[in-house]
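The structure under discussion appears below in the form of C-alpha cells.
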2 protein chains.
Amino acid sequence: MSPSDQTTLRGHQIIGQQSLLADGKPVHAINPANGERLAPGYPAGGAREVELACQLAHDAFDSFRETDAETRAGFLETIAEEIEAIGEQITERALQETGLPRARLEGERGRTCGQLRLFAGVVRAGEWLDVRIDPTMPERSPMPRADLRQRRIGLGPVAVFGASNFPLAFSVAGGDTASALAAGCPVIVKAHSAHPGTSELVGGAIQRAVTRCNLPEGVFSLLYGSGNTLGQALVNDPRIQAVGFTGSRSGGTALLKTAQARPQPIPVYAEMSSINPVLLMPAALEARAEGLGQAFIASLNMGAGQFCTNPGLVLALEGEALERFLKTAADNVAASACQTMLTPGIHDAYRGGVEKLSALPQVQEVARGALDGDNASPCQTALFRTTGSDFLSEAALQEEVFGASSLVIACRDLDEMRAVCEHLEGQLTATLHLDDADIDAARTLMPVLERRAGRILANGWPTGVEVCQAMVHGGPWPATSDSRTTSVGSAAIERFLRPVCYQDLPEALLSPTLRDSTQGLPRLVDGKRQL
Amino acid sequence: MSPSDQTTLRGHQIIGQQSLLADGKPVHAINPANGERLAPGYPAGGAREVELACQLAHDAFDSFRETDAETRAGFLETIAEEIEAIGEQITERALQETGLPRARLEGERGRTCGQLRLFAGVVRAGEWLDVRIDPTMPERSPMPRADLRQRRIGLGPVAVFGASNFPLAFSVAGGDTASALAAGCPVIVKAHSAHPGTSELVGGAIQRAVTRCNLPEGVFSLLYGSGNTLGQALVNDPRIQAVGFTGSRSGGTALLKTAQARPQPIPVYAEMSSINPVLLMPAALEARAEGLGQAFIASLNMGAGQFCTNPGLVLALEGEALERFLKTAADNVAASACQTMLTPGIHDAYRGGVEKLSALPQVQEVARGALDGDNASPCQTALFRTTGSDFLSEAALQEEVFGASSLVIACRDLDEMRAVCEHLEGQLTATLHLDDADIDAARTLMPVLERRAGRILANGWPTGVEVCQAMVHGGPWPATSDSRTTSVGSAAIERFLRPVCYQDLPEALLSPTLRDSTQGLPRLVDGKRQL
C-alpha cells in the first residue's frame, strides 16, 4: 500500500469503527519544552464511551479468540504496516508532545512495529497454546482414563493504559496491546493524556487494520479521559478481564485496588517502580573506576532518565577507587546538558524528588548538571551519595525519583553491600560490574539479587531492554504487581491466557488445534513433547 | 525400608526438625459419625510458631531452590515412600476423623503418592524451568545483542491450607504441597482442624524425608491452629510469597484479602466454589433419560457430594424426556443411603443450605434420601427443581450447597439454556450430555462454557479428576481466585514460579541449567525449541 496522506487530528474517541466526540472536559497535550498547549482538544469520555467500547469488545471476543494463527498474525503485521504508512507524521507529533529526541522516536516506532511482528511470529509458532493431550486409556484398571486435551484461550477484553515514557512502544500499539491481541483478547486502550495526538494516529492505524483484516470492530477501541474517572470505570467494567499498565506506583496501585475490589477480581499487570541497583564489585571498580563513572552517567542521562530501568542506585565499597568513580561521574554530571522531560507534571515530580533527597541529612550532593532556564520542563541531572548504614536506616532513600537522578551508596564492606541488597524492594533489574577476581563475592550476592529482581546483568547498564524470547521485564513488588510475568518479550503473551481442558469431547466440538490430525503445532502428548 | 511401627500421635507442631507443644487452645478432631472427640488435643500455635516456621523456610529457600532435579525429585519420591511406610495407620485415623469410606481413603493415599511421583517426573523433565536462550549477536547493527538467558525459580516460601474434603490428596502432602516443593519452594502447611491426626502422620513422613534427603530443615513445617488467627498470621508474614488453599468461598476470599492488603501483595491460589453445571442436550436426554438420571445420582452421592466437582446444577429443556429423567433421579435419591459428612460443621452448613433452597418459592423439592437419626453428621441427599426464568431472577439459586444437593433447571428452549449459562458464575467444570444430533446446538454453547469453566466434559460426570498433564482443575472466579492456573495436574507447578533473565553473565555465575554445555533439558534457543 502507499503511505496515507497526512491525517488531520480530530480529538475523537475511537470506538470500534466509530469515531465519537465525547462531551467531557477536553484534554490538551502540552509541549513540555515551552508549555504551549497543542490542538486539538480531546473531550474526555465517560460512562457512555466505556459502555460502548466494553460491549463491542465483549461481542468481539468469542470470534476473535477463535481466529486461526494466520489471521491473528496477519492482523498484527497489518497494524505494523499501517503505522509505517503514517510514517513521519507520528514522529512530528510525538516530538511536540513528549520532548523526546527525533532519533529516539524513530527508533521507538521501529521497535513498536518490530514488537508487533515478533508477536505475529509467536502466534504462528503456537507454543502459547500449550497444547497437552493425554489420550484415553480404555483398558486402564481400576478405572479407564478419559481423553483429556488442554489448550489456552484468551482471558477476555483487556484494558491497556498507555505509558508516558514510551509514547509508541508502550502505548496504543505497544507491548501490552500487541501481546493481548496476540493472545486473542480485544483491547481497549486508555490513551495517556500526555500524548493524545500520537495516540490518535496509532489508534487510527489499528482501526484500519481491523477493517482490512475483516475482524469484528470491537477488537480495538481507544478512549481519552482521566485515569481517576474513565480509567477506573474501565477497570470496574465486568466485561474487562485483565489490565495492562505502565506508569507510577500510585497509579498502578490504584488500578490494582479497583481490580481486586470487583465482585470478580481480575489480574492487573502493572509495571510501576524500580531504582535498578548497580553493584560495582571491588576488582572491577579498582581496574576501571573512571570508565565506569563515564558509562554510568551516559546510562543515567539516556532519555532524561525517564526509563523504568534507569540506574537510580549504585553500590560500591568505600575507598579510593569509589572516589575516583565519583570524581569522573561528577565531572560527567556537571557536563550534562539540560534535557526536556516528558511533561510539566513529570518535571515537577522530579524536582520535588530531587529536593527531598537533597534535604535529607544523610545525603550529600555530588554534582548537578546544566539547567536551561527557558525550558518549561527541564531535567537537570542530579547525583547524590550516602553510606550503607544511612541507607539501611532511612526508607525515603529508596523512593524512586523518575528522571536523571541517582544515589551512590558507599558500603563499609561486602556484608553491608549484601545487607543493602536484602533491604531493597523488588526491582526490574540488578547489575553487577565485575572482574574475574570478583566472581566469588558476586556468587554470594546472586541469590539475593535473584529474589529482588527480574533481570540480572553483568558489565552492562540496565537501560536498553531487548525485545526477545528470554527477556524478563518484570520483577517482585513494587517493580511490578505480578512477578510471575514479563511485559517485554514474547513471554508477555502468557499474561492474557488461561487453560481450558476438554474431556472426551467429540472431535466436531474440539478446536482444530486440539485434533489428532493437526500438523505443525508443538504439543505435549502423554507427557512427551512433540515438535 | 520396612514399615514404621505405629506412631503415637503427640499433638505437636512440626517446625523443621523440631516438634513443639504450642500453648493455644487445643483443637480436637471430632468423629463426625458419632460426635466423639478424638485424642490427642492439638494446642493451637500462634505468633511464635509462625515466626519460627517462616524464618526456617526463608533460610532454607535459597539452597532448596538450587537443588538439582535429581535431588528434588528424589525428595518427592521419598515423601511418597514414607507415607506408604506408615500404611494402614493413616487410613485408620482418617476413617475416624473424616467419616469417609475405607476404599476412598486407600485410593486417596495412592493418589497422593502418585501425585508426588508425577511431580518428581515433572521436575526431572525440566519443562517447568522454561529455559530460553537468546545468544549474543555481537555484529548486529545498529546495536549488538547481549547474551540473554531465562529460567524460572521458585517464588519463595508457600503457605498451604489443607482441605477438609481431601484429607490426603489436598492436605499436608497433597497437590499444593507437592507442586510447591517441586517448584523449589519451602512449604508451611496449616493443618485442617478436621483431621489433625492424619495431618500429623503425613507431616512426620515429610519431616523424615527431609532428613533422609539431607535438605535444610525449613523446607517443611506443619502448624495447627485457627484459620482466623494462625492462618491469617501466616499469610501476613512477609517471608511467605504465595498461598495455596482449597476450601470455602468465604475462607478463600478472607485469605485473598489479607494477601492483597500486605505491603507486598502475593498470589493466592484458592480453589473455592463451583456448582458444575451439567447440560442434558435434547437428543441425548430423549434417548437415555433414565440412564442419565441414574448416573447423575451416583455422581451426586459420591463422597456424600463433598467434591469440588459435584454436579450441583442440571440444565435441560422442559418436556416429557426431562420428566422421565427426573422420575429416575427421584427414585435413586429416595433410595440413597444416609452418608456421614466430613464434620458436624459441614453438616450444619449443608442442612442450612438445603433448608434455604427448600424455602424459596421458586424451588420445588423433587426427592430426599434416607436420614439416619443416629448419625451425628448425616447427609440426606436432596434434589430440587426450578425453571430457567426463576433461576435467572433469583441469585440465591446459584449458591453452592456443599454436599449431595442438586438443582435441576427446566429451560423453555435452547436460548434460555444459553442465557442460564451466561448468567452463571465461574465454574471448575461444565458437562455436556449429547448425541450426534445435539452437536450443532452444543457448538453454539461451547464459547459460553469456555468462558465460564476450566474443564468441559462430554458424556461423563465431573466427579473424578484425573491427575495428568492436560488436567485443568481451575476456573474463573469464584471457582478459583486465579483462572490462569490449575491446582491438579502437572501444570500446577507453574503457580509457584517466576522468570529471571540473566544478561551477559559469566558462566561461573550461571545456574548449570542455563549453561551452553547442559544436556537433556528442553529449551528455546533463539526462538527454536530444542528437545
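In the C-alpha cells, chains take letters A, B, ... by order of appearance, with residues numbered from 1 within each chain and ligands from 1 in the order shown.
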
Per residue of range 460-531 of chain A within 7 Å of range 436-456 of chain A, record the nearest atom pair and its distance in Å to one decimal, counting only C-alpha atoms, with rows in chain order and ascending residue number, as JSON lines.
```
{"residue": "A:Val472", "atom": "CA", "partner": "A:Gly454", "partner_atom": "CA", "distance": 5.9}
{"residue": "A:His473", "atom": "CA", "partner": "A:Gly454", "partner_atom": "CA", "distance": 6.5}
{"residue": "A:Gly474", "atom": "CA", "partner": "A:Gly454", "partner_atom": "CA", "distance": 5.3}
{"residue": "A:Gly475", "atom": "CA", "partner": "A:Gly454", "partner_atom": "CA", "distance": 4.2}
{"residue": "A:Pro476", "atom": "CA", "partner": "A:Arg452", "partner_atom": "CA", "distance": 6.3}
```

Filtering to N, CA and C atoms, could you give me those residues as a PDB file, in the first residue's frame?
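The resulting part_17.pdb:
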```
ATOM      1  N   VAL A 472      13.137 -10.706  30.527  1.00  0.00           N
ATOM      2  CA  VAL A 472      12.178 -10.530  31.615  1.00  0.00           C
ATOM      3  C   VAL A 472      12.193  -9.047  31.984  1.00  0.00           C
ATOM      4  N   HIS A 473      11.107  -8.390  31.673  1.00  0.00           N
ATOM      5  CA  HIS A 473      10.926  -7.012  32.127  1.00  0.00           C
ATOM      6  C   HIS A 473       9.779  -7.099  33.124  1.00  0.00           C
ATOM      7  N   GLY A 474      10.177  -7.391  34.330  1.00  0.00           N
ATOM      8  CA  GLY A 474       9.218  -7.648  35.401  1.00  0.00           C
ATOM      9  C   GLY A 474      10.022  -7.803  36.667  1.00  0.00           C
ATOM     10  N   GLY A 475       9.374  -8.075  37.746  1.00  0.00           N
ATOM     11  CA  GLY A 475      10.119  -8.255  38.984  1.00  0.00           C
ATOM     12  C   GLY A 475       9.183  -8.167  40.164  1.00  0.00           C
ATOM     13  N   PRO A 476       9.719  -8.523  41.343  1.00  0.00           N
ATOM     14  CA  PRO A 476       8.883  -8.503  42.547  1.00  0.00           C
ATOM     15  C   PRO A 476       8.358  -7.102  42.871  1.00  0.00           C
TER      16      PRO A 476
END
```

* To do: Determine, counting only C-alpha atoms, which protein, DNA and RNA residues have an atom within 9 Å of an atom of Thr258 in chain B; residues of the same chain fewer than 3 positions away are not included. Present the result as a list in words.
  => Gln232, Val235, Asn236, Thr253, Ala254, Leu255, Ala261, Arg262 and Pro265 of chain B

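Residues in contact with Arg515 in chain B at 12 Å, where only C-alpha atoms are counted and same-chain residues fewer than 3 positions away are skipped, are listed as Val131, Arg132, Ile133, Pro135, Asp147, Leu148, Arg149, Gln150, Arg151, Tyr502, Asp504, Leu505, Pro506, Glu507, Ala508, Leu509, Leu510, Ser511, Pro512, Thr518, Gln519, Gly520, Leu521, Arg523 and Val525 of chain B.
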
* Asked: Could you pull the residues within 8 Å of range 155-163 of chain B, counting only C-alpha atoms, minus those fewer than 3 positions along the same chain, as number ranges by chain?
  -> B: 54, 57-58, 61, 166-167, 170-172, 176-177, 180, 184-192, 234-235, 239-247, 496-498

* Can you list, as an MDAnalysis selection string, all residues belonging to range 132-319 of chain B that DSSP tags as helix (DSSP H, G or I)? => chainID B and resid 175:182 196:212 217:219 227:236 249:261 282:305

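Among the candidates A:Thr211, A:Gln55, A:Gln17, A:Asn31, the residue lying nearest to Thr78 in chain A is A:Thr211 (atoms considered: only C-alpha atoms).
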
* To do: Write down as JSON, numbers by chain the residues belonging to range 135-202 of chain A that are assigned strand (DSSP E) by DSSP computed on the backbone.
  => {"A": [148, 149, 150, 151, 152, 153, 154, 158, 159, 160, 161, 187, 188, 189, 190]}

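Among the candidates A:Ser63, A:Ser377, A:Gln503, A:Thr386, the one nearest to chain B when counting only C-alpha atoms is A:Gln503.
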
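Omitting range 308-318 of chain B and its sequence neighbours fewer than 3 positions away, and counting only C-alpha atoms, the residues within 6 Å are Ile275, Asn276, Pro277, Val278, Leu279, Leu280, Leu300, Gly305, Leu322, Ser406, Leu407, Val408, Ile409, Ala410, Cys411, Arg412, Asp413, Pro462 and Thr463 of chain B.
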
Restricting it to all heavy atoms, dump the selection as a compact mmCIF listing (two decimals), in the first residue's frame.
```txt
# COMPACT_ATOMS: atom_id res chain seq x y z
N ILE B 275 -20.56 -25.07 41.19
CA ILE B 275 -21.76 -25.92 41.20
C ILE B 275 -21.83 -26.78 39.95
O ILE B 275 -22.75 -27.56 39.78
CB ILE B 275 -23.05 -25.09 41.41
CG1 ILE B 275 -23.16 -23.96 40.38
CG2 ILE B 275 -23.09 -24.52 42.83
CD1 ILE B 275 -24.47 -23.17 40.49
N ASN B 276 -20.85 -26.66 39.05
CA ASN B 276 -20.62 -27.64 38.00
C ASN B 276 -21.85 -28.01 37.16
O ASN B 276 -22.37 -29.12 37.24
CB ASN B 276 -20.03 -28.92 38.63
CG ASN B 276 -18.77 -28.60 39.41
OD1 ASN B 276 -17.79 -28.16 38.84
ND2 ASN B 276 -18.83 -28.75 40.73
N PRO B 277 -22.31 -27.07 36.35
CA PRO B 277 -23.50 -27.32 35.54
C PRO B 277 -23.34 -28.52 34.60
O PRO B 277 -22.28 -28.71 34.01
CB PRO B 277 -23.63 -26.02 34.72
CG PRO B 277 -22.25 -25.43 34.73
CD PRO B 277 -21.69 -25.77 36.07
N VAL B 278 -24.41 -29.29 34.52
CA VAL B 278 -24.48 -30.43 33.60
C VAL B 278 -25.61 -30.14 32.63
O VAL B 278 -26.75 -29.92 33.05
CB VAL B 278 -24.74 -31.74 34.36
CG1 VAL B 278 -24.93 -32.90 33.38
CG2 VAL B 278 -23.61 -32.04 35.34
N LEU B 279 -25.30 -30.11 31.34
CA LEU B 279 -26.31 -29.79 30.33
C LEU B 279 -26.76 -31.07 29.64
O LEU B 279 -25.94 -31.77 29.03
CB LEU B 279 -25.73 -28.82 29.28
CG LEU B 279 -25.62 -27.35 29.69
CD1 LEU B 279 -24.63 -27.14 30.84
CD2 LEU B 279 -25.23 -26.49 28.50
N LEU B 280 -28.03 -31.36 29.75
CA LEU B 280 -28.58 -32.54 29.07
C LEU B 280 -29.17 -32.06 27.74
O LEU B 280 -30.23 -31.44 27.71
CB LEU B 280 -29.66 -33.19 29.93
CG LEU B 280 -29.26 -33.47 31.39
CD1 LEU B 280 -30.46 -34.02 32.18
CD2 LEU B 280 -28.10 -34.45 31.46
N LEU B 300 -23.74 -37.59 42.09
CA LEU B 300 -24.13 -36.65 43.15
C LEU B 300 -23.80 -37.20 44.54
O LEU B 300 -23.38 -36.46 45.42
CB LEU B 300 -25.63 -36.36 43.04
CG LEU B 300 -26.23 -35.39 44.07
CD1 LEU B 300 -25.65 -33.98 43.87
CD2 LEU B 300 -27.75 -35.36 43.96
N GLY B 305 -21.33 -36.12 48.25
CA GLY B 305 -21.42 -34.86 47.50
C GLY B 305 -20.35 -33.85 47.87
O GLY B 305 -20.41 -32.70 47.44
N LEU B 322 -37.42 -34.81 30.10
CA LEU B 322 -36.90 -34.31 31.37
C LEU B 322 -37.67 -34.92 32.54
O LEU B 322 -37.07 -35.28 33.56
CB LEU B 322 -36.98 -32.77 31.42
CG LEU B 322 -36.55 -32.13 32.75
CD1 LEU B 322 -35.12 -32.51 33.12
CD2 LEU B 322 -36.69 -30.60 32.68
N SER B 406 -28.65 -31.05 44.64
CA SER B 406 -28.56 -30.56 43.27
C SER B 406 -29.89 -29.96 42.85
O SER B 406 -30.94 -30.26 43.42
CB SER B 406 -28.16 -31.70 42.32
OG SER B 406 -27.79 -31.18 41.05
N LEU B 407 -29.80 -29.08 41.87
CA LEU B 407 -30.96 -28.35 41.39
C LEU B 407 -31.08 -28.56 39.89
O LEU B 407 -30.12 -28.33 39.14
CB LEU B 407 -30.75 -26.85 41.70
CG LEU B 407 -31.79 -25.86 41.19
CD1 LEU B 407 -33.14 -26.09 41.86
CD2 LEU B 407 -31.32 -24.42 41.47
N VAL B 408 -32.26 -29.02 39.46
CA VAL B 408 -32.49 -29.22 38.03
C VAL B 408 -33.27 -28.03 37.49
O VAL B 408 -34.28 -27.62 38.07
CB VAL B 408 -33.28 -30.53 37.79
CG1 VAL B 408 -33.59 -30.72 36.30
CG2 VAL B 408 -32.50 -31.73 38.33
N ILE B 409 -32.78 -27.47 36.39
CA ILE B 409 -33.43 -26.29 35.80
C ILE B 409 -34.11 -26.69 34.50
O ILE B 409 -33.44 -27.14 33.55
CB ILE B 409 -32.41 -25.19 35.48
CG1 ILE B 409 -31.60 -24.83 36.74
CG2 ILE B 409 -33.11 -23.96 34.93
CD1 ILE B 409 -30.55 -23.77 36.49
N ALA B 410 -35.42 -26.53 34.47
CA ALA B 410 -36.17 -26.80 33.23
C ALA B 410 -36.19 -25.52 32.41
O ALA B 410 -36.78 -24.51 32.81
CB ALA B 410 -37.59 -27.24 33.57
N CYS B 411 -35.51 -25.56 31.26
CA CYS B 411 -35.42 -24.37 30.41
C CYS B 411 -36.49 -24.45 29.32
O CYS B 411 -36.81 -25.52 28.82
CB CYS B 411 -34.04 -24.29 29.78
SG CYS B 411 -32.71 -24.15 30.98
N ARG B 412 -36.99 -23.27 28.94
CA ARG B 412 -38.03 -23.19 27.93
C ARG B 412 -37.51 -23.65 26.57
O ARG B 412 -38.17 -24.36 25.83
CB ARG B 412 -38.52 -21.75 27.84
CG ARG B 412 -39.96 -21.58 27.46
CD ARG B 412 -40.38 -20.11 27.61
NE ARG B 412 -39.30 -19.23 27.24
CZ ARG B 412 -38.75 -18.31 28.05
NH1 ARG B 412 -39.21 -18.15 29.28
NH2 ARG B 412 -37.78 -17.53 27.63
N ASP B 413 -36.28 -23.22 26.24
CA ASP B 413 -35.70 -23.55 24.94
C ASP B 413 -34.19 -23.40 25.03
O ASP B 413 -33.65 -23.06 26.09
CB ASP B 413 -36.28 -22.65 23.84
CG ASP B 413 -36.20 -21.17 24.21
OD1 ASP B 413 -35.28 -20.80 24.98
OD2 ASP B 413 -37.05 -20.39 23.74
N PRO B 462 -18.64 -34.90 36.24
CA PRO B 462 -17.45 -34.10 36.60
C PRO B 462 -16.67 -34.64 37.79
O PRO B 462 -15.49 -34.33 37.94
CB PRO B 462 -18.06 -32.72 36.92
CG PRO B 462 -19.50 -32.96 37.23
CD PRO B 462 -19.90 -34.15 36.42
N THR B 463 -17.31 -35.43 38.65
CA THR B 463 -16.57 -36.01 39.78
C THR B 463 -15.53 -36.96 39.23
O THR B 463 -15.76 -37.67 38.25
CB THR B 463 -17.53 -36.75 40.72
OG1 THR B 463 -18.46 -37.50 39.94
CG2 THR B 463 -18.29 -35.78 41.59
```

* Using only C-alpha atoms, which of the listed residues (A:Asp415, A:Glu200, A:Asp526, A:Asp68) sits closest to chain B? -> A:Asp526

* Near Arg93 in chain A, within 10 Å and counting only C-alpha atoms, which residues show up once chain neighbours fewer than 6 positions away are dropped, as a PyMOL selection string? -> chain A and resi 31+38+195-199+201

Output C-alpha atoms for every residue in that selection, as an mmCIF file, in the first residue's frame.
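Okay, again25.cif is ready:
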```cif
data_model
loop_
_atom_site.group_PDB
_atom_site.id
_atom_site.type_symbol
_atom_site.label_atom_id
_atom_site.label_comp_id
_atom_site.auth_asym_id
_atom_site.auth_seq_id
_atom_site.Cartn_x
_atom_site.Cartn_y
_atom_site.Cartn_z
ATOM 1 C CA ASN A 31 4.575 20.811 24.539
ATOM 2 C CA LEU A 38 -1.426 21.728 21.394
ATOM 3 C CA HIS A 195 0.344 12.338 24.003
ATOM 4 C CA PRO A 196 -3.244 12.161 22.729
ATOM 5 C CA GLY A 197 -2.344 13.134 19.159
ATOM 6 C CA THR A 198 0.287 10.404 18.810
ATOM 7 C CA SER A 199 -2.298 8.043 20.283
ATOM 8 C CA LEU A 201 -2.601 8.467 14.857
#
```

* To do: Please provide as an MDAnalysis selection string all residues within 12 Å of range 354-363 of chain B, with the sequence filter that same-chain residues fewer than 4 positions apart are discarded (counting only C-alpha atoms).
  => chainID B and resid 312 347:350 367:368 379:410

Please, could you write that set of residues out with C-alpha atoms as a JSON list (two decimals), in the first residue's frame?
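Printed below is result00.json as written:
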```
[["chain", "number", "residue", "atom", "x", "y", "z"],
["B", 312, "GLY", "CA", -24.95, -29.22, 41.72],
["B", 347, "HIS", "CA", -23.29, -30.96, 58.05],
["B", 348, "ASP", "CA", -24.80, -27.86, 59.64],
["B", 349, "ALA", "CA", -23.90, -25.77, 56.60],
["B", 350, "TYR", "CA", -25.35, -28.43, 54.30],
["B", 367, "ALA", "CA", -36.89, -36.05, 46.39],
["B", 368, "ARG", "CA", -34.91, -36.59, 49.57],
["B", 379, "CYS", "CA", -26.03, -36.31, 54.59],
["B", 380, "GLN", "CA", -29.58, -36.78, 53.38],
["B", 381, "THR", "CA", -29.39, -36.45, 49.60],
["B", 382, "ALA", "CA", -31.60, -33.67, 48.21],
["B", 383, "LEU", "CA", -32.88, -32.93, 44.73],
["B", 384, "PHE", "CA", -34.74, -29.78, 43.70],
["B", 385, "ARG", "CA", -36.14, -28.27, 40.54],
["B", 386, "THR", "CA", -36.85, -24.83, 39.19],
["B", 387, "THR", "CA", -37.33, -23.09, 35.86],
["B", 388, "GLY", "CA", -34.91, -21.16, 33.73],
["B", 389, "SER", "CA", -36.65, -17.86, 34.25],
["B", 390, "ASP", "CA", -36.77, -18.34, 38.02],
["B", 391, "PHE", "CA", -33.09, -19.20, 38.07],
["B", 392, "LEU", "CA", -32.27, -16.09, 36.09],
["B", 393, "SER", "CA", -34.16, -13.88, 38.52],
["B", 394, "GLU", "CA", -33.03, -15.31, 41.88],
["B", 395, "ALA", "CA", -29.32, -15.11, 42.72],
["B", 396, "ALA", "CA", -29.66, -17.40, 45.74],
["B", 397, "LEU", "CA", -30.29, -20.36, 43.42],
["B", 398, "GLN", "CA", -26.67, -20.15, 42.32],
["B", 399, "GLU", "CA", -25.12, -20.54, 45.77],
["B", 400, "GLU", "CA", -23.12, -23.70, 46.33],
["B", 401, "VAL", "CA", -24.60, -26.18, 48.80],
["B", 402, "PHE", "CA", -21.59, -28.30, 49.75],
["B", 403, "GLY", "CA", -22.87, -31.88, 49.91],
["B", 404, "ALA", "CA", -25.24, -34.12, 47.96],
["B", 405, "SER", "CA", -27.73, -31.49, 46.82],
["B", 406, "SER", "CA", -28.56, -30.56, 43.27],
["B", 407, "LEU", "CA", -30.96, -28.35, 41.39],
["B", 408, "VAL", "CA", -32.49, -29.22, 38.03],
["B", 409, "ILE", "CA", -33.43, -26.29, 35.80],
["B", 410, "ALA", "CA", -36.17, -26.80, 33.23]]
```
